[in-house]
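Trainee: This is the structure I want to talk about, given as C-alpha cells.
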Amino acid sequence: MCPSRLDSYQAKRNPRRTPEPMGQGRRRRSPSRPTFVVQEHHARALHWDFRLEHDGVLVSWALPKGVPFDPHRNHLAVATEDHPLEYREFAGRIPAGEYGGGTVSIWDAGTYELEKWSEREVLVVLHGNRVDGRYVLFKTHGKNWMIHRMDRVPEGWEALPDLVRPMLCAAGELPPTSRGWASEFKWDGVRAVAYVEGGRVRLASRNDLDITGAYPELQQLGRALGARPAVLDGEIVAFDPAGRPSFSLLQQRMHVRDQTSARRLSRTIPLSYLIFDVMHLDGGSTVGLPYRERRRLLESLGLAGDHWATPASYREPPARVMAAAAEQGLEGVVCKHLASPYTAGRRSEDWIKVRRRSTQEVVIGGYTPGQGSRSALGALILGLPVDGGLRYVGKVGTGFSDAQLRELTARLARLARKTSPFVGAVPSAQVAGANWVRPVLVGEVRFSDWTASGRLRQASWRGLRPDKSPAEVVREG
Ligand code: MN
C-alpha cells in the first residue's frame, strides 16, 4: 500500500462536493496487462487526461490537444497528480467551482504493454479502441512532457489538411424537379472554412485568409467537436433583431481582427456559423464522398449551439424551397446534386445558386463628389473587369450607411489616381468631375435588372466585399 501517492489527489477534492472516487476502496490490480484510460475533460480549457496504471495508481498527464495520431506532431503532456485506480471508470459532471469543474467522459480505454518506465521517459504500446500503437512520453522541463507516436500513422488515417478551398456554385436556374437534388437556403454572409482539431478552431476565408481572430465566439465549436478532427464548410451570418441575415451588420464584424475589439463586438453583433458541408472527419478526407453521404456525416455530428447550426437540406421541389426562402426574406437557394463530390476550389454545375433578388459584385473605378453634408462622395462609378481595365456598368448613389460612407471615403482617398481605369464607352455626363481610383475595391450592389446596353438599373449599395478580388468579379444573371 502506498496511500501517500494519492495525498495530492485527495487534498484537491472534497468527497462531499464531487462525485469522483476518492481512492479509499480496495484497489483492484488488473489481472493481466495494466490498463490505460484517456478521459475527455471539458473543464475551463478542454483537454484529454491520459492515465496509465502503474504501481497501484493511475499516473496521469493532461494533454491539451489529445493523443497524437501523426508521428510528425508531438503533443504537450503536462504531468498531473496520480489518480486512484477506480478513476478509470469515472465519467460524469464535476460541479462548477470544484477542482476540474466540468464534464468528464471516457474517450478511450484499454490495456498496454510496458517497454520502459523511468523518471524521464515512459514507453508503452497501447491497445485501445481508438488508439493502438507505440507511444513514448518524455520529460522536457518541470511538469512538461511530450507524447510522441512511434508507429506510423494508423492505416487509412490522414492528417488534417492545411487547406481545403471551398467548392463554388455556378449561378443558374432552379432544377425542375427534386429528383437527384437537395436544396438549401442561400445565406447572406461570408464563406468560412473551419479547421477543427484538438478542440481548437482555425477559420479561413474563401480566399484563404486567416479570419479566426474576427470571430472569437466560434472557438467554442472546437469544444463541441471534442476529439473529432474535422474540416467544415459554412457561412458566417449576422442576424438583425428581426432574425434576418444582415450583411451590413456582418460588415461591422468582418474587418475587426484584434481580439479585444472582436470580443466586445461579439456581444453587440452576435453571429452564427451555418455549417453545410464536411470535407474531412476523424482522420479521413470526405471530399470524394457524394453529397448525400457527406450530409449524413454532417448531421451525425449534431452541430447546434449558440453560435453555430446545421441548417436544413430539403428534398422538396426546389421551387417550393425558393418560395419558402422568399417568405423568410432570404436571398435565394443553393441546389446541390445528391451524387456530387466536393470539388474543392472549383466552380461546379453540381451546386447551383439561384438568387431571389439580383445582386451583383462590382469593382469601384472612381467616384463623383457629393453635395452638402455628403460632400466627399456622391456616387461610386462601377465597372466589371475586362482586358485592360474596367467596363462601365453604372453608378450607385444610394444605400450607404453613414459608417460605410466614412469608410469608403477614407479608402478611396488612398487609391486616387489621375487617369480613368475604364476602357470603352463611358457616358461623360455621368462621370463629370469624377475622381478616379485604382480598381482594387470589390463591392456588391442590389439592382432591378440589366439595361440593353449592359448597365445596372436602380442599383443600391450593399457593401464592400474584401473577401473577393477584382479578377473574380463576373456578371451574374
Ligand atoms: Mn483533467
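Starting from 1 in every chain, residues are counted up; chains themselves are A, B, ... following the order of the C-alpha cells, and ligands are numbered from 1 as listed.
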Taking only C-alpha atoms and all ligand atoms into account, list the residues no farther than 8 Å from ligand 1, as a list in words.
Mentor: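 The residues within 8 Å of ligand 1, counting only C-alpha atoms and all ligand atoms, are Gln39, Glu40, His41, His42, Ala43, His47, Trp48, Asp49, Ala62, Gly100 and Val104 of chain A.
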Trainee: Would you kindly return, as an MDAnalysis selection string, each protein, DNA or RNA residue with an atom no farther than 9 Å from any atom of segment 155-167 of chain A, considering only C-alpha atoms and excluding same-chain residues fewer than 2 positions away?
Mentor: chainID A and resid 69:70 152:153 169 191:193 195:197 204:208 229:231 233 279:285 342:348 351
Trainee: Within 9 Å of segment 82-99 of chain A, counting only C-alpha atoms, which residues qualify if same-chain residues fewer than 6 places away don't, as a PyMOL selection string?
Mentor: chain A and resi 5-10+12-14+17-25+27-29+35-39+43+51+53+56-61+105-106+109
Trainee: Write out the residues from the selection above, keeping N, CA and C atoms, as a CSV table (one decimal), in the first residue's frame.
Mentor:
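Ended up saving to part15.csv:
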chain,number,residue,atom,x,y,z
A,5,ARG,N,0.8,8.3,-2.2
A,5,ARG,CA,0.8,8.7,-3.7
A,5,ARG,C,-0.5,9.4,-4.0
A,6,LEU,N,-1.6,9.2,-3.2
A,6,LEU,CA,-2.8,9.9,-3.5
A,6,LEU,C,-3.1,11.1,-2.7
A,7,ASP,N,-2.1,11.5,-1.8
A,7,ASP,CA,-2.3,12.7,-1.0
A,7,ASP,C,-2.7,13.9,-1.8
A,8,SER,N,-1.9,14.1,-2.8
A,8,SER,CA,-2.1,15.3,-3.6
A,8,SER,C,-3.5,15.3,-4.2
A,9,TYR,N,-3.9,14.1,-4.8
A,9,TYR,CA,-5.2,13.9,-5.4
A,9,TYR,C,-6.3,14.2,-4.3
A,10,GLN,N,-6.2,13.6,-3.1
A,10,GLN,CA,-7.2,13.8,-2.1
A,10,GLN,C,-7.3,15.2,-1.6
A,12,LYS,N,-6.9,17.9,-3.2
A,12,LYS,CA,-7.6,18.8,-4.1
A,12,LYS,C,-9.1,18.7,-4.2
A,13,ARG,N,-9.6,17.6,-3.5
A,13,ARG,CA,-11.0,17.3,-3.7
A,13,ARG,C,-11.7,17.1,-2.4
A,14,ASN,N,-13.0,17.5,-2.4
A,14,ASN,CA,-13.8,17.3,-1.2
A,14,ASN,C,-14.9,16.3,-1.6
A,17,ARG,N,-18.4,17.1,-2.2
A,17,ARG,CA,-18.8,18.1,-3.3
A,17,ARG,C,-18.5,17.5,-4.7
A,18,THR,N,-17.8,16.4,-4.8
A,18,THR,CA,-17.5,15.9,-6.2
A,18,THR,C,-17.9,14.4,-6.2
A,19,PRO,N,-18.4,14.0,-7.3
A,19,PRO,CA,-18.7,12.5,-7.4
A,19,PRO,C,-17.5,11.7,-7.7
A,20,GLU,N,-16.3,12.3,-7.8
A,20,GLU,CA,-15.1,11.5,-8.2
A,20,GLU,C,-14.8,10.5,-7.1
A,21,PRO,N,-14.2,9.3,-7.5
A,21,PRO,CA,-13.8,8.4,-6.5
A,21,PRO,C,-12.7,8.9,-5.6
A,22,MET,N,-12.6,8.6,-4.4
A,22,MET,CA,-11.6,9.1,-3.5
A,22,MET,C,-10.4,8.1,-3.3
A,23,GLY,N,-10.5,7.0,-3.9
A,23,GLY,CA,-9.3,6.1,-3.8
A,23,GLY,C,-9.2,5.4,-2.5
A,24,GLN,N,-10.3,5.3,-1.7
A,24,GLN,CA,-10.1,4.6,-0.4
A,24,GLN,C,-10.7,3.2,-0.4
A,25,GLY,N,-11.3,2.8,-1.6
A,25,GLY,CA,-11.8,1.5,-1.7
A,25,GLY,C,-10.6,0.5,-1.9
A,27,ARG,N,-8.1,-1.6,-3.8
A,27,ARG,CA,-7.6,-1.3,-5.1
A,27,ARG,C,-7.4,-2.7,-5.9
A,28,ARG,N,-8.1,-2.8,-7.0
A,28,ARG,CA,-8.0,-4.0,-7.8
A,28,ARG,C,-6.9,-3.8,-8.8
A,29,ARG,N,-5.9,-4.6,-8.7
A,29,ARG,CA,-5.0,-4.6,-9.8
A,29,ARG,C,-5.5,-5.3,-11.0
A,35,THR,N,-3.8,-1.3,-17.4
A,35,THR,CA,-4.8,-0.6,-18.2
A,35,THR,C,-4.4,0.8,-18.4
A,36,PHE,N,-5.0,1.4,-19.4
A,36,PHE,CA,-4.9,2.9,-19.6
A,36,PHE,C,-6.3,3.4,-19.8
A,37,VAL,N,-6.4,4.7,-19.6
A,37,VAL,CA,-7.6,5.4,-20.0
A,37,VAL,C,-7.3,6.8,-20.4
A,38,VAL,N,-8.1,7.3,-21.4
A,38,VAL,CA,-8.0,8.7,-21.8
A,38,VAL,C,-9.4,9.3,-21.6
A,39,GLN,N,-9.4,10.3,-20.8
A,39,GLN,CA,-10.7,10.9,-20.5
A,39,GLN,C,-10.8,12.3,-21.1
A,43,ALA,N,-13.2,21.0,-19.0
A,43,ALA,CA,-13.1,21.9,-17.9
A,43,ALA,C,-13.0,23.3,-18.4
A,51,ARG,N,-4.0,8.5,-18.7
A,51,ARG,CA,-3.6,7.8,-17.4
A,51,ARG,C,-3.2,6.4,-17.6
A,53,GLU,N,-2.1,2.9,-15.7
A,53,GLU,CA,-2.0,2.1,-14.4
A,53,GLU,C,-0.5,1.8,-14.1
A,56,GLY,N,0.0,0.7,-8.7
A,56,GLY,CA,-1.2,0.8,-7.9
A,56,GLY,C,-2.0,2.1,-8.0
A,57,VAL,N,-1.5,3.0,-8.9
A,57,VAL,CA,-2.3,4.2,-9.1
A,57,VAL,C,-2.4,4.4,-10.6
A,58,LEU,N,-3.1,5.5,-11.0
A,58,LEU,CA,-3.1,5.9,-12.4
A,58,LEU,C,-2.2,7.1,-12.5
A,59,VAL,N,-1.0,6.9,-13.1
A,59,VAL,CA,-0.1,8.0,-13.3
A,59,VAL,C,-0.7,8.8,-14.5
A,60,SER,N,-0.7,10.2,-14.3
A,60,SER,CA,-1.6,11.0,-15.2
A,60,SER,C,-0.9,12.2,-15.8
A,61,TRP,N,-1.3,12.4,-17.1
A,61,TRP,CA,-0.8,13.6,-17.8
A,61,TRP,C,-2.1,14.3,-18.4
A,105,SER,N,-15.7,12.5,-19.8
A,105,SER,CA,-16.2,11.3,-20.5
A,105,SER,C,-15.0,10.4,-20.9
A,106,ILE,N,-15.2,9.1,-21.0
A,106,ILE,CA,-14.1,8.2,-21.4
A,106,ILE,C,-14.0,8.2,-22.9
A,109,ALA,N,-10.1,3.6,-23.7
A,109,ALA,CA,-9.6,2.8,-22.6
A,109,ALA,C,-9.1,1.5,-23.2
Trainee: Can you tell me, as a compact mmCIF listing (two decimals) with all heavy atoms, in the first residue's frame, what residues are no more than 7 Å from Arg149 of chain A when counting only C-alpha atoms, ignoring any on the same chain fewer than 2 positions away?
Mentor:
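Saved file out-v2.txt follows:
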# COMPACT_ATOMS: atom_id res chain seq x y z
N PRO A 68 -1.73 12.20 -30.03
CA PRO A 68 -1.41 12.40 -31.45
C PRO A 68 -1.51 11.10 -32.25
O PRO A 68 -1.13 10.04 -31.77
CB PRO A 68 0.04 12.91 -31.42
CG PRO A 68 0.61 12.35 -30.15
CD PRO A 68 -0.53 12.24 -29.17
N PHE A 69 -2.04 11.22 -33.46
CA PHE A 69 -2.02 10.09 -34.40
C PHE A 69 -0.88 10.25 -35.40
O PHE A 69 -0.49 9.30 -36.07
CB PHE A 69 -3.34 9.99 -35.15
CG PHE A 69 -4.46 9.46 -34.33
CD1 PHE A 69 -5.48 10.29 -33.88
CD2 PHE A 69 -4.51 8.13 -33.97
CE1 PHE A 69 -6.51 9.81 -33.10
CE2 PHE A 69 -5.53 7.63 -33.19
CZ PHE A 69 -6.54 8.47 -32.75
N ASP A 70 -0.42 11.48 -35.53
CA ASP A 70 0.59 11.79 -36.53
C ASP A 70 1.97 11.74 -35.88
O ASP A 70 2.24 12.52 -34.96
CB ASP A 70 0.30 13.20 -37.07
CG ASP A 70 1.20 13.59 -38.21
OD1 ASP A 70 2.24 12.93 -38.41
OD2 ASP A 70 0.88 14.58 -38.90
N PRO A 71 2.86 10.85 -36.32
CA PRO A 71 4.18 10.76 -35.69
C PRO A 71 5.02 12.03 -35.88
O PRO A 71 6.03 12.21 -35.19
CB PRO A 71 4.84 9.55 -36.37
CG PRO A 71 4.03 9.27 -37.57
CD PRO A 71 2.67 9.85 -37.37
N ARG A 134 2.48 2.31 -30.57
CA ARG A 134 3.60 2.51 -29.65
C ARG A 134 3.79 4.00 -29.42
O ARG A 134 3.87 4.78 -30.37
CB ARG A 134 4.84 1.91 -30.33
CG ARG A 134 5.99 1.62 -29.43
CD ARG A 134 6.76 0.40 -29.97
NE ARG A 134 8.02 0.31 -29.24
CZ ARG A 134 9.18 0.71 -29.72
NH1 ARG A 134 9.27 1.20 -30.95
NH2 ARG A 134 10.27 0.63 -28.97
N TYR A 135 3.82 4.37 -28.17
CA TYR A 135 3.94 5.79 -27.80
C TYR A 135 5.06 5.97 -26.79
O TYR A 135 5.29 5.08 -25.95
CB TYR A 135 2.64 6.31 -27.18
CG TYR A 135 1.57 6.60 -28.22
CD1 TYR A 135 0.74 5.57 -28.68
CD2 TYR A 135 1.41 7.87 -28.74
CE1 TYR A 135 -0.22 5.82 -29.66
CE2 TYR A 135 0.44 8.14 -29.70
CZ TYR A 135 -0.37 7.11 -30.16
OH TYR A 135 -1.32 7.36 -31.12
N VAL A 136 5.74 7.10 -26.86
CA VAL A 136 6.71 7.44 -25.82
C VAL A 136 6.31 8.79 -25.23
O VAL A 136 5.88 9.70 -25.94
CB VAL A 136 8.16 7.47 -26.38
CG1 VAL A 136 8.34 8.53 -27.45
CG2 VAL A 136 9.17 7.68 -25.24
N ILE A 147 4.27 13.83 -25.73
CA ILE A 147 3.88 12.48 -26.12
C ILE A 147 4.05 12.36 -27.63
O ILE A 147 3.64 13.25 -28.38
CB ILE A 147 2.45 12.12 -25.64
CG1 ILE A 147 2.09 10.70 -26.11
CG2 ILE A 147 1.42 13.14 -26.11
CD1 ILE A 147 0.82 10.14 -25.45
N ASP A 151 4.88 4.61 -33.89
CA ASP A 151 4.47 3.85 -35.08
C ASP A 151 4.11 4.80 -36.20
O ASP A 151 3.89 5.99 -35.98
CB ASP A 151 3.24 2.99 -34.76
CG ASP A 151 3.61 1.80 -33.90
OD1 ASP A 151 4.79 1.40 -33.93
OD2 ASP A 151 2.73 1.28 -33.19
Trainee: Using only C-alpha atoms, find the one residue out of A:Arg355, A:Arg33, A:Arg457, A:Arg462 that sits nearest to Leu405 of chain A.
Mentor: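 Under the stated criterion, the closest residue is A:Arg462.
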Trainee: Atom CA of Leu52 of chain A and atom CA of Gly142 of chain A are how many Å apart?
Mentor: 19.4 Å
Trainee: Can you work out which one of A:Val363, A:Val333, A:Ala432, A:Ala425 has the shortest atom-to-atom distance to Ala471 of chain A, counting only C-alpha atoms?
Mentor: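 Ranked by minimum distance to Ala471 of chain A, first place goes to A:Val363.
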Trainee: What's the separation between atom CA of Arg315 of chain A and atom CA of Leu218 of chain A, in Å to one decimal place?
Mentor: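 That distance, rounded to one decimal, is 29.2 Å.
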Trainee: Between atom CA of Ala410 of chain A and atom CA of Arg253 of chain A, what is the distance, to one decimal in Å?
Mentor: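 Atom-to-atom, atom CA of Ala410 of chain A and atom CA of Arg253 of chain A are spaced 18.4 Å apart.
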Trainee: Using only C-alpha atoms, find the one residue out of A:His307, A:Lys395, A:Arg294, A:Arg438 that sits nearest to Ala459 of chain A.
Mentor: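 Distance minimum relative to Ala459 of chain A lands on A:Lys395.
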Trainee: For Leu76 of chain A, work out the shell of residues within 10 Å, counting only C-alpha atoms and skipping chain neighbours fewer than 2 positions away, then give it as a compact mmCIF listing (two decimals) with all heavy atoms, in the first residue's frame.
Mentor:
# COMPACT_ATOMS: atom_id res chain seq x y z
N TRP A 61 -1.28 12.45 -17.05
CA TRP A 61 -0.85 13.64 -17.77
C TRP A 61 -2.08 14.29 -18.39
O TRP A 61 -3.00 13.58 -18.83
CB TRP A 61 0.10 13.28 -18.91
CG TRP A 61 1.45 12.76 -18.51
CD1 TRP A 61 2.60 13.48 -18.40
CD2 TRP A 61 1.80 11.39 -18.22
NE1 TRP A 61 3.65 12.66 -18.05
CE2 TRP A 61 3.19 11.38 -17.93
CE3 TRP A 61 1.09 10.19 -18.16
CZ2 TRP A 61 3.88 10.21 -17.59
CZ3 TRP A 61 1.76 9.03 -17.82
CH2 TRP A 61 3.15 9.05 -17.55
N ALA A 62 -2.07 15.62 -18.46
CA ALA A 62 -3.14 16.35 -19.18
C ALA A 62 -2.61 16.72 -20.56
O ALA A 62 -1.54 17.31 -20.68
CB ALA A 62 -3.54 17.59 -18.41
N LEU A 63 -3.37 16.34 -21.61
CA LEU A 63 -2.95 16.59 -22.99
C LEU A 63 -3.87 17.65 -23.61
O LEU A 63 -5.01 17.34 -23.96
CB LEU A 63 -3.06 15.30 -23.81
CG LEU A 63 -1.95 14.23 -23.76
CD1 LEU A 63 -1.42 13.98 -22.38
CD2 LEU A 63 -2.39 12.96 -24.45
N PRO A 64 -3.40 18.89 -23.74
CA PRO A 64 -4.30 19.94 -24.26
C PRO A 64 -4.82 19.64 -25.65
O PRO A 64 -5.92 20.08 -26.02
CB PRO A 64 -3.42 21.19 -24.28
CG PRO A 64 -2.31 20.91 -23.31
CD PRO A 64 -2.09 19.42 -23.35
N LYS A 65 -4.06 18.90 -26.47
CA LYS A 65 -4.53 18.61 -27.84
C LYS A 65 -4.84 17.14 -28.05
O LYS A 65 -5.03 16.71 -29.18
CB LYS A 65 -3.48 19.06 -28.86
CG LYS A 65 -3.34 20.57 -28.92
CD LYS A 65 -2.37 20.96 -29.98
CE LYS A 65 -2.60 22.39 -30.43
NZ LYS A 65 -1.74 22.74 -31.55
N GLY A 66 -4.88 16.36 -26.98
CA GLY A 66 -5.22 14.95 -27.13
C GLY A 66 -4.05 14.09 -27.54
O GLY A 66 -2.90 14.54 -27.61
N VAL A 67 -4.36 12.82 -27.82
CA VAL A 67 -3.33 11.85 -28.19
C VAL A 67 -3.01 12.03 -29.67
O VAL A 67 -3.91 12.03 -30.50
CB VAL A 67 -3.84 10.42 -27.93
CG1 VAL A 67 -2.79 9.39 -28.33
CG2 VAL A 67 -4.25 10.24 -26.47
N PRO A 68 -1.73 12.20 -30.03
CA PRO A 68 -1.41 12.40 -31.45
C PRO A 68 -1.51 11.10 -32.25
O PRO A 68 -1.13 10.04 -31.77
CB PRO A 68 0.04 12.91 -31.42
CG PRO A 68 0.61 12.35 -30.15
CD PRO A 68 -0.53 12.24 -29.17
N ARG A 73 3.83 15.05 -35.35
CA ARG A 73 3.34 16.11 -34.48
C ARG A 73 3.29 15.62 -33.05
O ARG A 73 2.39 14.87 -32.67
CB ARG A 73 1.94 16.55 -34.92
CG ARG A 73 1.94 17.30 -36.23
CD ARG A 73 0.58 17.94 -36.49
NE ARG A 73 0.40 18.13 -37.93
CZ ARG A 73 -0.67 18.68 -38.47
NH1 ARG A 73 -1.66 19.07 -37.71
NH2 ARG A 73 -0.77 18.82 -39.77
N ASN A 74 4.28 16.00 -32.24
CA ASN A 74 4.26 15.65 -30.83
C ASN A 74 3.29 16.56 -30.10
O ASN A 74 3.16 17.73 -30.45
CB ASN A 74 5.66 15.81 -30.22
CG ASN A 74 6.65 14.85 -30.86
OD1 ASN A 74 6.25 13.94 -31.57
ND2 ASN A 74 7.92 15.06 -30.60
N VAL A 78 1.15 17.46 -19.83
CA VAL A 78 1.53 18.08 -18.56
C VAL A 78 1.25 17.10 -17.42
O VAL A 78 0.11 16.66 -17.23
CB VAL A 78 0.75 19.39 -18.33
CG1 VAL A 78 1.16 20.05 -17.02
CG2 VAL A 78 0.95 20.34 -19.50
N ALA A 79 2.32 16.73 -16.68
CA ALA A 79 2.16 15.76 -15.59
C ALA A 79 1.21 16.32 -14.54
O ALA A 79 1.29 17.48 -14.15
CB ALA A 79 3.52 15.46 -14.98
N LEU A 137 6.41 8.87 -23.90
CA LEU A 137 6.27 10.14 -23.21
C LEU A 137 7.64 10.50 -22.68
O LEU A 137 8.29 9.65 -22.06
CB LEU A 137 5.28 10.03 -22.03
CG LEU A 137 3.82 9.81 -22.43
CD1 LEU A 137 3.31 8.50 -21.86
CD2 LEU A 137 2.96 10.97 -21.95
N PHE A 138 8.10 11.70 -22.95
CA PHE A 138 9.41 12.10 -22.43
C PHE A 138 9.35 13.49 -21.82
O PHE A 138 8.65 14.37 -22.31
CB PHE A 138 10.49 12.00 -23.52
CG PHE A 138 10.19 12.80 -24.76
CD1 PHE A 138 10.66 14.10 -24.91
CD2 PHE A 138 9.41 12.26 -25.78
CE1 PHE A 138 10.38 14.84 -26.06
CE2 PHE A 138 9.12 13.00 -26.93
CZ PHE A 138 9.61 14.29 -27.07
N LYS A 139 10.09 13.61 -20.72
CA LYS A 139 10.05 14.84 -19.93
C LYS A 139 10.90 15.90 -20.63
O LYS A 139 12.01 15.62 -21.09
CB LYS A 139 10.63 14.53 -18.56
CG LYS A 139 10.39 15.58 -17.51
CD LYS A 139 10.83 15.01 -16.16
CE LYS A 139 10.45 15.93 -15.02
NZ LYS A 139 10.59 15.23 -13.73
N THR A 140 10.36 17.12 -20.73
CA THR A 140 11.16 18.19 -21.32
C THR A 140 11.60 19.19 -20.25
O THR A 140 12.77 19.52 -20.14
CB THR A 140 10.38 18.93 -22.43
OG1 THR A 140 9.14 19.39 -21.90
CG2 THR A 140 10.13 18.02 -23.61
N ASN A 144 6.36 19.53 -17.64
CA ASN A 144 6.07 19.39 -19.07
C ASN A 144 6.76 18.18 -19.69
O ASN A 144 7.97 18.02 -19.59
CB ASN A 144 6.48 20.65 -19.83
CG ASN A 144 5.56 21.81 -19.54
OD1 ASN A 144 4.52 21.63 -18.87
ND2 ASN A 144 5.92 22.98 -20.00
N TRP A 145 5.94 17.37 -20.31
CA TRP A 145 6.40 16.23 -21.09
C TRP A 145 5.87 16.40 -22.50
O TRP A 145 5.03 17.26 -22.77
CB TRP A 145 5.85 14.92 -20.51
CG TRP A 145 6.33 14.55 -19.13
CD1 TRP A 145 6.26 15.31 -17.99
CD2 TRP A 145 6.90 13.29 -18.74
NE1 TRP A 145 6.76 14.61 -16.91
CE2 TRP A 145 7.15 13.36 -17.35
CE3 TRP A 145 7.22 12.11 -19.43
CZ2 TRP A 145 7.72 12.30 -16.65
CZ3 TRP A 145 7.77 11.05 -18.72
CH2 TRP A 145 8.03 11.15 -17.34
N MET A 146 6.35 15.53 -23.39
CA MET A 146 5.77 15.45 -24.72
C MET A 146 5.33 14.01 -24.93
O MET A 146 5.93 13.09 -24.37
CB MET A 146 6.78 15.80 -25.82
CG MET A 146 7.33 17.21 -25.76
SD MET A 146 6.08 18.48 -25.96
CE MET A 146 5.92 18.55 -27.72
N ILE A 147 4.27 13.83 -25.73
CA ILE A 147 3.88 12.48 -26.12
C ILE A 147 4.05 12.36 -27.63
O ILE A 147 3.64 13.25 -28.38
CB ILE A 147 2.45 12.12 -25.64
CG1 ILE A 147 2.09 10.70 -26.11
CG2 ILE A 147 1.42 13.14 -26.11
CD1 ILE A 147 0.82 10.14 -25.45
N HIS A 148 4.67 11.25 -28.04
CA HIS A 148 5.05 11.07 -29.44
C HIS A 148 4.62 9.68 -29.89
O HIS A 148 4.86 8.69 -29.19
CB HIS A 148 6.57 11.22 -29.55
CG HIS A 148 7.17 10.72 -30.82
ND1 HIS A 148 7.03 11.38 -32.02
CD2 HIS A 148 7.91 9.60 -31.08
CE1 HIS A 148 7.68 10.69 -32.97
NE2 HIS A 148 8.21 9.61 -32.42
